[in-house]
$ cat coords-v5.cif   # mmCIF, C-alpha atoms
data_coords
loop_
_atom_site.group_PDB
_atom_site.id
_atom_site.type_symbol
_atom_site.label_atom_id
_atom_site.label_comp_id
_atom_site.auth_asym_id
_atom_site.auth_seq_id
_atom_site.Cartn_x
_atom_site.Cartn_y
_atom_site.Cartn_z
ATOM 1 C CA MET A 1 -11.881 17.699 5.726
ATOM 2 C CA THR A 2 -13.049 15.769 2.670
ATOM 3 C CA PHE A 3 -12.883 16.473 -1.051
ATOM 4 C CA GLU A 4 -15.188 15.134 -3.745
ATOM 5 C CA LEU A 5 -13.580 14.303 -7.093
ATOM 6 C CA LYS A 6 -15.391 13.730 -10.389
ATOM 7 C CA LYS A 7 -14.394 12.588 -13.854
ATOM 8 C CA GLY A 8 -16.685 11.077 -16.461
ATOM 9 C CA GLY A 9 -18.948 8.659 -14.622
ATOM 10 C CA LEU A 10 -16.571 8.187 -11.677
ATOM 11 C CA THR A 11 -16.713 9.898 -8.306
ATOM 12 C CA ALA A 12 -14.251 9.652 -5.421
ATOM 13 C CA THR A 13 -13.699 11.030 -1.934
ATOM 14 C CA ALA A 14 -10.360 11.978 -0.401
ATOM 15 C CA GLN A 15 -9.744 13.157 3.140
ATOM 16 C CA THR A 16 -7.055 15.123 4.947
ATOM 17 C CA ARG A 17 -6.984 12.597 7.811
ATOM 18 C CA GLY A 18 -4.261 10.214 6.702
ATOM 19 C CA GLY A 19 -4.226 11.761 3.210
ATOM 20 C CA GLU A 20 -6.376 8.869 1.942
ATOM 21 C CA LEU A 21 -8.648 8.254 -0.991
ATOM 22 C CA VAL A 22 -11.504 6.597 0.887
ATOM 23 C CA SER A 23 -14.159 6.052 -1.788
ATOM 24 C CA LEU A 24 -14.320 5.264 -5.491
ATOM 25 C CA ARG A 25 -17.708 4.821 -7.153
ATOM 26 C CA SER A 26 -18.513 3.916 -10.734
ATOM 27 C CA GLY A 27 -21.429 5.400 -12.652
ATOM 28 C CA ASP A 28 -23.669 2.488 -11.671
ATOM 29 C CA GLY A 29 -23.079 3.225 -7.970
ATOM 30 C CA ARG A 30 -20.666 0.372 -7.279
ATOM 31 C CA GLU A 31 -18.222 1.158 -4.464
ATOM 32 C CA TYR A 32 -14.739 -0.253 -4.988
ATOM 33 C CA ILE A 33 -12.949 0.749 -1.764
ATOM 34 C CA TRP A 34 -13.666 -1.044 1.515
ATOM 35 C CA GLU A 35 -15.801 1.054 3.862
ATOM 36 C CA GLY A 36 -13.725 0.440 6.984
ATOM 37 C CA ASP A 37 -16.156 -1.679 9.008
ATOM 38 C CA PRO A 38 -14.380 -2.170 12.385
ATOM 39 C CA ALA A 39 -16.001 -5.602 12.694
ATOM 40 C CA PHE A 40 -13.203 -6.692 10.355
ATOM 41 C CA TRP A 41 -10.812 -3.747 9.903
ATOM 42 C CA SER A 42 -11.365 -0.024 10.349
ATOM 43 C CA GLY A 43 -8.790 0.895 7.704
ATOM 44 C CA ARG A 44 -9.614 1.670 4.099
ATOM 45 C CA ASN A 45 -6.651 2.924 2.083
ATOM 46 C CA PRO A 46 -3.842 3.989 4.443
ATOM 47 C CA ILE A 47 -0.554 5.518 3.324
ATOM 48 C CA LEU A 48 2.527 3.715 4.619
ATOM 49 C CA PHE A 49 5.300 6.201 5.492
ATOM 50 C CA PRO A 50 8.118 6.515 6.459
ATOM 51 C CA ILE A 51 8.273 2.755 7.010
ATOM 52 C CA VAL A 52 6.425 -0.175 5.489
ATOM 53 C CA GLY A 53 5.555 -3.058 7.791
ATOM 54 C CA SER A 54 7.001 -3.631 11.243
ATOM 55 C CA LEU A 55 10.360 -2.730 12.753
ATOM 56 C CA LYS A 56 12.461 -5.288 14.578
ATOM 57 C CA ASP A 57 11.604 -4.853 18.277
ATOM 58 C CA GLY A 58 9.709 -1.725 17.159
ATOM 59 C CA ARG A 59 12.987 0.191 16.812
ATOM 60 C CA VAL A 60 15.214 1.515 14.064
ATOM 61 C CA ASP A 61 18.613 3.241 13.968
ATOM 62 C CA ILE A 62 18.754 6.600 12.166
ATOM 63 C CA ASN A 63 22.056 8.478 12.161
ATOM 64 C CA GLY A 64 23.280 6.511 15.170
ATOM 65 C CA GLU A 65 20.205 7.144 17.328
ATOM 66 C CA THR A 66 17.376 4.732 18.131
ATOM 67 C CA TYR A 67 13.765 5.627 17.329
ATOM 68 C CA GLU A 68 10.453 3.825 17.737
ATOM 69 C CA MET A 69 7.585 3.674 15.257
ATOM 70 C CA VAL A 70 4.409 1.633 15.017
ATOM 71 C CA ARG A 71 3.763 -0.701 12.099
ATOM 72 C CA HIS A 72 3.527 1.101 8.745
ATOM 73 C CA GLY A 73 4.646 4.419 10.237
ATOM 74 C CA PHE A 74 2.841 7.547 11.370
ATOM 75 C CA ALA A 75 1.435 9.124 8.194
ATOM 76 C CA ARG A 76 -1.799 7.136 8.228
ATOM 77 C CA GLY A 77 -2.838 8.695 11.538
ATOM 78 C CA MET A 78 -1.905 12.310 10.818
ATOM 79 C CA GLU A 79 -3.688 15.321 9.388
ATOM 80 C CA PHE A 80 -2.505 16.378 5.943
ATOM 81 C CA ALA A 81 -2.845 19.895 4.546
ATOM 82 C CA LEU A 82 -4.417 20.807 1.215
ATOM 83 C CA ALA A 83 -1.729 21.731 -1.309
ATOM 84 C CA GLU A 84 -3.713 21.835 -4.565
ATOM 85 C CA ARG A 85 -7.017 20.652 -5.954
ATOM 86 C CA GLY A 86 -9.080 20.496 -9.116
ATOM 87 C CA GLU A 87 -12.305 18.867 -10.164
ATOM 88 C CA ASP A 88 -10.682 15.464 -10.699
ATOM 89 C CA PHE A 89 -7.635 15.565 -8.391
ATOM 90 C CA VAL A 90 -6.378 16.656 -5.010
ATOM 91 C CA THR A 91 -2.848 16.987 -3.604
ATOM 92 C CA LEU A 92 -2.419 16.672 0.153
ATOM 93 C CA GLU A 93 0.818 17.305 2.039
ATOM 94 C CA LEU A 94 2.343 16.175 5.309
ATOM 95 C CA ARG A 95 5.387 17.946 6.772
ATOM 96 C CA GLU A 96 7.486 17.195 9.820
ATOM 97 C CA ASN A 97 6.259 18.373 13.209
ATOM 98 C CA ALA A 98 7.138 17.794 16.847
ATOM 99 C CA GLU A 99 5.348 14.460 16.899
ATOM 100 C CA THR A 100 7.020 13.086 13.760
ATOM 101 C CA LEU A 101 10.472 14.269 14.819
ATOM 102 C CA ARG A 102 10.233 12.215 18.002
ATOM 103 C CA GLN A 103 9.870 9.120 15.799
ATOM 104 C CA TYR A 104 11.773 10.098 12.664
ATOM 105 C CA PRO A 105 14.370 12.872 13.002
ATOM 106 C CA CYS A 106 14.132 14.092 9.403
ATOM 107 C CA PRO A 107 12.581 17.199 7.893
ATOM 108 C CA PHE A 108 10.431 15.978 5.002
ATOM 109 C CA SER A 109 7.607 16.749 2.620
ATOM 110 C CA LEU A 110 5.222 13.959 1.640
ATOM 111 C CA LYS A 111 2.811 15.062 -1.084
ATOM 112 C CA VAL A 112 0.082 12.616 -2.086
ATOM 113 C CA THR A 113 -1.895 13.261 -5.265
ATOM 114 C CA HIS A 114 -5.080 11.297 -5.936
ATOM 115 C CA ARG A 115 -6.236 11.744 -9.532
ATOM 116 C CA LEU A 116 -9.321 10.271 -11.182
ATOM 117 C CA LEU A 117 -8.917 8.779 -14.646
ATOM 118 C CA GLU A 118 -11.584 7.866 -17.165
ATOM 119 C CA ASP A 119 -11.387 4.279 -15.935
ATOM 120 C CA GLY A 120 -9.854 4.391 -12.458
ATOM 121 C CA PHE A 121 -7.506 6.472 -10.339
ATOM 122 C CA ALA A 122 -3.799 7.125 -9.841
ATOM 123 C CA THR A 123 -2.061 7.853 -6.539
ATOM 124 C CA SER A 124 1.360 9.528 -6.573
ATOM 125 C CA PHE A 125 3.728 9.893 -3.632
ATOM 126 C CA THR A 126 6.258 12.721 -3.933
ATOM 127 C CA VAL A 127 8.777 12.616 -1.092
ATOM 128 C CA ALA A 128 11.247 15.494 -0.717
ATOM 129 C CA ASN A 129 14.185 16.100 1.594
ATOM 130 C CA PRO A 130 14.360 19.782 2.605
ATOM 131 C CA GLY A 131 16.927 19.036 5.321
ATOM 132 C CA ALA A 132 20.712 19.153 5.455
ATOM 133 C CA ALA A 133 21.362 15.411 5.964
ATOM 134 C CA PRO A 134 20.571 12.284 3.923
ATOM 135 C CA MET A 135 16.994 11.119 4.476
ATOM 136 C CA PRO A 136 16.085 7.400 4.359
ATOM 137 C CA PHE A 137 12.453 6.439 3.813
ATOM 138 C CA CYS A 138 10.072 3.758 2.633
ATOM 139 C CA VAL A 139 6.587 4.339 1.246
ATOM 140 C CA GLY A 140 3.670 2.208 0.132
ATOM 141 C CA GLY A 141 -0.019 1.893 -0.608
ATOM 142 C CA HIS A 142 -2.554 -0.323 1.173
ATOM 143 C CA THR A 143 -5.740 -0.077 -0.890
ATOM 144 C CA ALA A 144 -8.550 -2.328 0.327
ATOM 145 C CA ILE A 145 -10.689 -3.426 -2.626
ATOM 146 C CA ARG A 146 -14.224 -4.338 -1.628
ATOM 147 C CA ILE A 147 -15.842 -7.656 -2.526
ATOM 148 C CA PRO A 148 -19.454 -6.743 -3.461
ATOM 149 C CA GLU A 149 -22.382 -8.097 -1.489
ATOM 150 C CA GLY A 150 -23.657 -11.351 -2.936
ATOM 151 C CA GLU A 151 -20.204 -12.383 -4.166
ATOM 152 C CA ARG A 152 -17.729 -14.617 -2.388
ATOM 153 C CA PHE A 153 -14.034 -13.997 -1.763
ATOM 154 C CA GLU A 154 -13.318 -17.407 -3.293
ATOM 155 C CA ASP A 155 -15.070 -16.349 -6.525
ATOM 156 C CA TYR A 156 -12.062 -14.125 -7.245
ATOM 157 C CA GLU A 157 -8.488 -14.716 -8.349
ATOM 158 C CA LEU A 158 -5.347 -12.677 -8.952
ATOM 159 C CA ARG A 159 -4.117 -12.587 -12.540
ATOM 160 C CA PHE A 160 -0.597 -11.316 -13.085
ATOM 161 C CA GLU A 161 0.605 -9.587 -16.219
ATOM 162 C CA GLU A 162 3.236 -12.277 -16.823
ATOM 163 C CA LYS A 163 3.291 -15.991 -16.170
ATOM 164 C CA GLU A 164 4.979 -15.959 -12.789
ATOM 165 C CA ALA A 165 6.654 -18.694 -10.800
ATOM 166 C CA ALA A 166 7.315 -17.003 -7.472
ATOM 167 C CA ASP A 167 7.447 -17.605 -3.735
ATOM 168 C CA SER A 168 6.015 -15.406 -1.009
ATOM 169 C CA HIS A 169 8.170 -13.995 1.758
ATOM 170 C CA LEU A 170 7.091 -15.252 5.174
ATOM 171 C CA LEU A 171 6.436 -13.200 8.311
ATOM 172 C CA ASN A 172 6.955 -14.318 11.883
ATOM 173 C CA SER A 173 4.383 -13.668 14.632
ATOM 174 C CA GLU A 174 5.722 -10.113 15.118
ATOM 175 C CA GLY A 175 5.310 -9.222 11.438
ATOM 176 C CA ILE A 176 9.048 -9.507 10.738
ATOM 177 C CA ILE A 177 10.231 -11.150 7.503
ATOM 178 C CA ARG A 178 12.041 -14.444 7.972
ATOM 179 C CA HIS A 179 15.319 -14.410 6.067
ATOM 180 C CA GLU A 180 15.152 -18.182 5.651
ATOM 181 C CA GLY A 181 12.256 -19.982 4.055
ATOM 182 C CA ARG A 182 9.584 -18.902 1.601
ATOM 183 C CA ARG A 183 6.263 -20.379 0.573
ATOM 184 C CA PRO A 184 5.688 -21.432 -3.059
ATOM 185 C CA MET A 185 2.787 -19.306 -4.287
ATOM 186 C CA LEU A 186 2.736 -18.729 -8.052
ATOM 187 C CA ASP A 187 3.113 -21.904 -10.104
ATOM 188 C CA GLY A 188 3.971 -20.393 -13.488
ATOM 189 C CA SER A 189 0.412 -19.832 -14.665
ATOM 190 C CA GLY A 190 0.286 -16.240 -13.468
ATOM 191 C CA ARG A 191 -2.989 -16.953 -11.648
ATOM 192 C CA LEU A 192 -3.644 -17.225 -7.919
ATOM 193 C CA PRO A 193 -7.129 -18.256 -6.680
ATOM 194 C CA LEU A 194 -8.119 -16.489 -3.459
ATOM 195 C CA ASP A 195 -8.452 -18.656 -0.372
ATOM 196 C CA TYR A 196 -8.904 -17.424 3.202
ATOM 197 C CA SER A 197 -6.919 -20.408 4.492
ATOM 198 C CA VAL A 198 -3.726 -19.004 2.951
ATOM 199 C CA PHE A 199 -4.113 -15.724 4.859
ATOM 200 C CA ALA A 200 -4.959 -17.602 8.050
ATOM 201 C CA GLU A 201 -1.632 -19.393 7.713
ATOM 202 C CA ILE A 202 0.791 -16.703 6.544
ATOM 203 C CA ASP A 203 -1.121 -13.417 7.152
ATOM 204 C CA THR A 204 0.276 -11.526 4.132
ATOM 205 C CA ILE A 205 1.375 -12.626 0.667
ATOM 206 C CA VAL A 206 4.514 -10.644 -0.214
ATOM 207 C CA PHE A 207 6.359 -10.730 -3.536
ATOM 208 C CA SER A 208 9.500 -8.886 -4.565
ATOM 209 C CA MET A 209 10.958 -8.197 -8.010
ATOM 210 C CA LEU A 210 8.294 -9.924 -10.077
ATOM 211 C CA ARG A 211 8.470 -9.766 -13.847
ATOM 212 C CA SER A 212 4.913 -8.427 -13.884
ATOM 213 C CA GLY A 213 4.188 -4.741 -13.517
ATOM 214 C CA SER A 214 0.469 -5.222 -13.001
ATOM 215 C CA VAL A 215 -1.976 -7.622 -11.368
ATOM 216 C CA SER A 216 -5.755 -7.897 -11.660
ATOM 217 C CA LEU A 217 -8.294 -8.917 -9.044
ATOM 218 C CA VAL A 218 -10.951 -10.609 -11.169
ATOM 219 C CA HIS A 219 -14.252 -12.391 -10.599
ATOM 220 C CA ARG A 220 -13.681 -15.697 -12.371
ATOM 221 C CA GLU A 221 -17.137 -15.878 -13.964
ATOM 222 C CA THR A 222 -17.894 -12.260 -14.863
ATOM 223 C CA GLY A 223 -14.339 -11.034 -15.484
ATOM 224 C CA ARG A 224 -15.166 -7.895 -13.523
ATOM 225 C CA GLY A 225 -12.717 -6.376 -11.076
ATOM 226 C CA VAL A 226 -9.723 -4.047 -10.871
ATOM 227 C CA GLN A 227 -6.190 -3.951 -12.222
ATOM 228 C CA LEU A 228 -3.302 -2.542 -10.170
ATOM 229 C CA ASP A 229 -0.299 -1.137 -12.045
ATOM 230 C CA PHE A 230 2.598 -1.255 -9.551
ATOM 231 C CA ARG A 231 5.542 -1.221 -11.969
ATOM 232 C CA GLU A 232 7.293 1.674 -10.208
ATOM 233 C CA PHE A 233 7.439 -0.354 -6.976
ATOM 234 C CA PRO A 234 9.766 -3.329 -6.377
ATOM 235 C CA MET A 235 7.350 -5.189 -4.095
ATOM 236 C CA VAL A 236 3.642 -5.985 -4.039
ATOM 237 C CA ALA A 237 1.664 -7.519 -1.187
ATOM 238 C CA PHE A 238 -1.847 -8.838 -0.556
ATOM 239 C CA TRP A 239 -3.649 -9.006 2.774
ATOM 240 C CA THR A 240 -7.059 -9.662 4.257
ATOM 241 C CA LYS A 241 -8.578 -10.997 7.443
ATOM 242 C CA PRO A 242 -10.167 -14.424 6.969
ATOM 243 C CA GLY A 243 -13.894 -13.915 6.466
ATOM 244 C CA ALA A 244 -13.580 -10.233 5.534
ATOM 245 C CA PRO A 245 -15.066 -9.082 2.194
ATOM 246 C CA TYR A 246 -12.025 -7.205 0.889
ATOM 247 C CA LEU A 247 -8.498 -7.713 -0.393
ATOM 248 C CA CYS A 248 -5.741 -5.176 0.187
ATOM 249 C CA MET A 249 -3.527 -4.709 -2.866
ATOM 250 C CA GLU A 250 -0.314 -3.025 -1.744
ATOM 251 C CA PRO A 251 2.553 -1.599 -3.828
ATOM 252 C CA TRP A 252 5.628 -1.215 -1.622
ATOM 253 C CA GLN A 253 8.915 0.679 -1.845
ATOM 254 C CA GLY A 254 10.468 -0.982 1.183
ATOM 255 C CA CYS A 255 9.160 -3.653 3.520
ATOM 256 C CA ALA A 256 9.068 -4.944 7.076
ATOM 257 C CA ALA A 257 12.332 -5.610 8.878
ATOM 258 C CA TYR A 258 14.132 -8.895 8.311
ATOM 259 C CA ASP A 259 14.868 -10.992 11.370
ATOM 260 C CA ASN A 260 18.607 -10.803 10.644
ATOM 261 C CA GLU A 261 18.927 -7.170 9.565
ATOM 262 C CA SER A 262 21.329 -4.640 11.081
ATOM 263 C CA GLY A 263 18.609 -2.331 12.410
ATOM 264 C CA ARG A 264 19.952 0.662 10.465
ATOM 265 C CA PHE A 265 17.225 2.325 8.434
ATOM 266 C CA GLU A 266 19.348 2.734 5.318
ATOM 267 C CA ASP A 267 20.099 -1.013 5.299
ATOM 268 C CA LYS A 268 16.412 -1.949 4.963
ATOM 269 C CA PRO A 269 15.608 -3.698 1.661
ATOM 270 C CA PHE A 270 14.468 -1.237 -1.030
ATOM 271 C CA CYS A 271 14.930 1.744 1.291
ATOM 272 C CA THR A 272 15.393 5.013 -0.628
ATOM 273 C CA VAL A 273 17.876 7.605 0.637
ATOM 274 C CA LEU A 274 17.361 11.172 -0.581
ATOM 275 C CA ARG A 275 20.209 13.655 -0.612
ATOM 276 C CA PRO A 276 19.500 17.175 0.690
ATOM 277 C CA GLY A 277 17.227 18.953 -1.780
ATOM 278 C CA GLU A 278 16.359 15.739 -3.626
ATOM 279 C CA LYS A 279 12.871 14.324 -4.189
ATOM 280 C CA LYS A 280 11.328 11.179 -5.633
ATOM 281 C CA THR A 281 7.875 10.443 -7.078
ATOM 282 C CA LEU A 282 6.271 7.001 -7.254
ATOM 283 C CA THR A 283 2.840 6.325 -8.768
ATOM 284 C CA TYR A 284 0.467 3.381 -8.703
ATOM 285 C CA THR A 285 -2.764 3.136 -10.682
ATOM 286 C CA PHE A 286 -6.007 1.203 -10.341
ATOM 287 C CA TYR A 287 -8.093 0.550 -13.451
ATOM 288 C CA LEU A 288 -11.680 -0.729 -13.370
ATOM 289 C CA ILE A 289 -12.225 -3.771 -15.575
#

$ encode --input "coords-v5.cif" --output "structure tokens"
Amino acid sequence: MTFELKKGGLTATAQTRGGELVSLRSGDGREYIWEGDPAFWSGRNPILFPIVGSLKDGRVDINGETYEMVRHGFARGMEFALAERGEDFVTLELRENAETLRQYPCPFSLKVTHRLLEDGFATSFTVANPGAAPMPFCVGGHTAIRIPEGERFEDYELRFEEKEAADSHLLNSEGIIRHEGRRPMLDGSGRLPLDYSVFAEIDTIVFSMLRSGSVSLVHRETGRGVQLDFREFPMVAFWTKPGAPYLCMEPWQGCAAYDNESGRFEDKPFCTVLRPGEKKTLTYTFYLI
């Protein structure tokens, strides 16, 4: 099921499959979200829950038992239910079921609200623990921003809110973070030109605990693009496939396993643990510029 959202000159489409916002169009007809062409990547804007990234050996320990989950968790492949909707917003909800409990033995509610703004959209994750035991989780966004036809990936750069000098975490061939070694990435200028060769070498650029709370993807000549406000999330990542006309801009609460971690879910970096009856809301926002 899909839902059309409208506000001012903006229109958007959300769907119950995966709970995603899959389209954002400006008044002049420009589409900002990648269309999911399987020639490069069939994804568009998946929700990462209850893990972000890959697990070590595909397994994780929860309450003394071992469970298996695919990269980025199960939410992106599941059918959400409509919880609430208006002209410019929709709230979709995923609850535990037999399939999720085989992978993640926790009762949960994941509500995702996509809301159009005058100049963009906001996505909020509200995670609640209706169970009787502590509930560990990670959650993140994975929004693929489309590079328009006629423009080149290399015409764009990332501009951070602050002048950042920061290194990227590095992943091994299984998508696990190496606890030793990082790659210098931001040189203090707060700007990072886009280059497919970087993604061919390290796959994903991953930062944690930056001073910046926002980053813009900007065409260097026209100044046009988008700004991501991720200040409620401790990590932000960027990914594409070399040659593909999109860049994924990803706010993360949690991350892939480290190669030296214990394997216990609650020990994962930036994992959140909810007490019974507790809930947490995290919001990221994209502005058109």

$ closest_residue --input "coords-v5.cif" --among "A:Gly213, A:Gly225, A:Pro46, A:Pro130" --to "A:Gln15" --atoms "only C-alpha atoms"
A:Pro46

$ residues_around --input "coords-v5.cif" --residues "A:Gly9" --least-positions-apart "4" --cutoff "10 Å" --atoms "all atoms listed in the file" --output "ChimeraX atom specification"
/A:25-29,118-119

$ resolve_selection --input "coords-v5.cif" --expression "the PyMOL selection byres ((chain A and resi 208) around 10)" --output "PyMOL selection string"
chain A and resi 166-169+206-207+209-211+233-237+252-255+270

$ closest_residue --input "coords-v5.cif" --among "A:Gly223, A:Pro38, A:Gly150, A:Gly73" --to "A:Val60" --atoms "only C-alpha atoms"
A:Gly73

$ closest_residue --input "coords-v5.cif" --among "A:Arg115, A:Arg44, A:Arg220, A:Lys56" --to "A:Ile177" --atoms "all atoms listed in the file"
A:Lys56

$ closest_residue --input "coords-v5.cif" --among "A:Leu247, A:Ala257, A:Met1, A:Ile51" --to "A:Phe153" --atoms "only C-alpha atoms"
A:Leu247

$ resolve_selection --input "coords-v5.cif" --expression "the PyMOL selection byres ((chain A and resi 84-92) around 9)" --output "list in words"
Phe3, Glu4, Leu5, Lys6, Lys7, Thr11, Ala12, Ala14, Gln15, Thr16, Gly19, Glu20, Phe80, Ala81, Leu82, Ala83, Glu93, Leu94, Leu110, Lys111, Val112, Thr113, His114, Arg115, Leu116 and Leu117 of chain A

$ residues_around --input "coords-v5.cif" --residues "A:Ser42" --least-positions-apart "3" --cutoff "12 Å" --atoms "all atoms listed in the file" --output "PyMOL selection string"
chain A and resi 22+34-39+45-46+144+241+244+246

$ resolve_selection --input "coords-v5.cif" --expression "the PyMOL selection byres ((chain A and resi 193-203) around 8)" --output "PyMOL selection string"
chain A and resi 153-158+170-171+191-192+204-205+239-243

$ axis_aligned_box --input "coords-v5.cif" --around "stretch 205-216 of chain A" --padding-each-side "3 Å" --output "lines of an AutoDock Vina configuration file"
center_x = 2.6
center_y = -8.7
center_z = -6.6
size_x = 22.7
size_y = 13.9
size_z = 20.6

$ closest_residue --input "coords-v5.cif" --among "A:Tyr104, A:Arg275, A:Asn97, A:Arg182" --to "A:Ala133" --atoms "only C-alpha atoms"
A:Arg275

$ closest_residue --input "coords-v5.cif" --among "A:Arg59, A:Arg76, A:Arg102, A:Arg224" --to "A:Gly43" --atoms "only C-alpha atoms"
A:Arg76

$ atom_distance --input "coords-v5.cif" --atom1 "atom CA of A:Ala256" --atom2 "atom CA of A:His72"
8.4 Å

$ residues_around --input "coords-v5.cif" --residues "A:Val226" --least-positions-apart "4" --cutoff "7 Å" --atoms "all atoms listed in the file" --output "list in words"
Ser216, Leu217, Val218, Phe286, Tyr287, Leu288 and Ile289 of chain A

$ atom_distance --input "coords-v5.cif" --atom1 "atom CA of A:Tyr284" --atom2 "atom CA of A:Ala75"
17.9 Å

$ residues_around --input "coords-v5.cif" --residues "A:Glu99" --least-positions-apart "2" --cutoff "12 Å" --atoms "only C-alpha atoms" --output "ChimeraX atom specification"
/A:68-69,74-75,77-79,95-97,101-107

$ atom_distance --input "coords-v5.cif" --atom1 "atom CA of A:Ala122" --atom2 "atom CA of A:Cys248"
16.0 Å

$ build_atoms --input "coords-v5.cif" --residues "stretch 28-48 of chain A" --atoms "N, CA and C atoms" --output "compact mmCIF listing (two decimals), keeping the file's coordinate frame"
# COMPACT_ATOMS: atom_id res chain seq x y z
N ASP A 28 -22.52 3.30 -12.09
CA ASP A 28 -23.67 2.49 -11.67
C ASP A 28 -23.80 2.39 -10.15
N GLY A 29 -22.98 3.18 -9.43
CA GLY A 29 -23.08 3.22 -7.97
C GLY A 29 -22.24 2.20 -7.24
N ARG A 30 -21.48 1.39 -7.94
CA ARG A 30 -20.67 0.37 -7.28
C ARG A 30 -19.49 1.02 -6.56
N GLU A 31 -19.34 0.67 -5.28
CA GLU A 31 -18.22 1.16 -4.46
C GLU A 31 -17.09 0.15 -4.54
N TYR A 32 -15.88 0.64 -4.82
CA TYR A 32 -14.74 -0.25 -4.99
C TYR A 32 -13.83 -0.30 -3.77
N ILE A 33 -13.85 0.71 -2.92
CA ILE A 33 -12.95 0.75 -1.76
C ILE A 33 -13.71 0.33 -0.50
N TRP A 34 -13.10 -0.53 0.26
CA TRP A 34 -13.67 -1.04 1.52
C TRP A 34 -14.09 0.11 2.41
N GLU A 35 -15.23 -0.03 3.08
CA GLU A 35 -15.80 1.05 3.86
C GLU A 35 -15.24 1.18 5.27
N GLY A 36 -14.35 0.30 5.68
CA GLY A 36 -13.72 0.44 6.98
C GLY A 36 -14.57 -0.05 8.14
N ASP A 37 -15.32 -1.11 7.95
CA ASP A 37 -16.16 -1.68 9.01
C ASP A 37 -15.25 -2.25 10.10
N PRO A 38 -15.29 -1.70 11.32
CA PRO A 38 -14.38 -2.17 12.38
C PRO A 38 -14.65 -3.61 12.81
N ALA A 39 -15.77 -4.19 12.39
CA ALA A 39 -16.00 -5.60 12.69
C ALA A 39 -14.91 -6.46 12.08
N PHE A 40 -14.32 -5.99 10.99
CA PHE A 40 -13.20 -6.69 10.36
C PHE A 40 -11.92 -5.87 10.44
N TRP A 41 -11.99 -4.62 9.93
CA TRP A 41 -10.81 -3.75 9.90
C TRP A 41 -11.30 -2.34 9.64
N SER A 42 -10.89 -1.40 10.47
CA SER A 42 -11.36 -0.02 10.35
C SER A 42 -10.61 0.76 9.28
N GLY A 43 -9.53 0.21 8.75
CA GLY A 43 -8.79 0.90 7.70
C GLY A 43 -9.50 0.83 6.36
N ARG A 44 -9.05 1.67 5.44
CA ARG A 44 -9.61 1.67 4.10
C ARG A 44 -8.52 1.73 3.02
N ASN A 45 -7.67 2.74 3.12
CA ASN A 45 -6.65 2.92 2.08
C ASN A 45 -5.46 3.69 2.66
N PRO A 46 -4.87 3.21 3.75
CA PRO A 46 -3.84 3.99 4.44
C PRO A 46 -2.56 4.14 3.64
N ILE A 47 -1.86 5.24 3.92
CA ILE A 47 -0.55 5.52 3.32
C ILE A 47 0.52 5.05 4.30
N LEU A 48 1.46 4.27 3.79
CA LEU A 48 2.53 3.72 4.62
C LEU A 48 3.77 4.59 4.46
